[in-house]
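> If you scroll down you'll find the structure; I have some questions about it.
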Amino acid sequence: MNPLNSALIEGNVVRAPQVTQTPKGTFVCKFSMATNRKYKTDKGEFEEEVSFFDVETWGHLAEVCAELCEKGRGIRVVGRLKQGRWKDENGKNCSKVGIVAEHVDFKPRLQGKTMDKSPDAPELEETPDKDDRKSPQQLAEETFAELNVQKGAVVF
């Protein structure tokens, strides 16, 4: 069995991106995103769980993310998990798992961001960045096809 390291996360950007350049001039963009999960407890009550992920992009994708990632914007990230390891000032081993993005989709921005529900409130309009949006199913199928994984061969 071939190893598979793939992540597909959909959520919202939680802070403005940080952009840097390597000594060779390659752009690196880092940002954080959050995703919510709602579930029903054994007692029948609904709970919500929020997970935060650090995302890193490189090259041209980093330049695009630096421009389009704004706090609160919905995004879908396809990439791989990467574990960073280091020792803190006390010599203790530390580690953190983040996502290195290989593809980022941006949800449409909303014009006239308002929560005013009065009859005179302006309508919210979507302004798409792309016309060729793909469903999560299409994106997953393309990702698996790129990895030469045939349908039905993946067991979760």
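Naming scheme: A, B, ... for chains in displayed order of the structure tokens; residues 1 onward per chain; ligands 1 onward as shown.
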Which residues, written as a ChimeraX atom specification, have at least one atom at most 7 Å from stretch 89-100 of chain A, with only C-alpha atoms counted and residues fewer than 5 positions away on the same chain left out?
/A:53-57,79-84
> Here is a test: counting only C-alpha atoms, which residue of A:Val13, A:Ala7, A:Val104, A:Val50 is nearest to A:Val77?
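The closest residue to A:Val77 is A:Val104.
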> To one decimal place in Å, what is the distance between atom CA of A:Cys29 and atom CA of A:Cys69?
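If I compute the distance from atom CA of A:Cys29 to atom CA of A:Cys69, I get 9.8 Å.
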> In Å, rounded to a single decimal, give me how far atom CA of A:Asn12 is from atom CA of A:Arg37.
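One can read the atom CA of A:Arg37 to atom CA of A:Asn12 distance as 12.8 Å.
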> What is the atom CA of A:Phe46 to atom CA of A:Gly74 distance in Å?
23.4 Å
> Could you please write out, as a ChimeraX atom specification, every residue of stretch 32-128 of chain A that DSSP assigns to helix (DSSP H, G or I)?
/A:59-68
> Using only C-alpha atoms, can you tell me which of A:Gly44, A:Thr20, A:Arg15, A:Val78 comes closest to A:Ser32?
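When distances to A:Ser32 are compared using only C-alpha atoms, the smallest one comes from A:Arg15.
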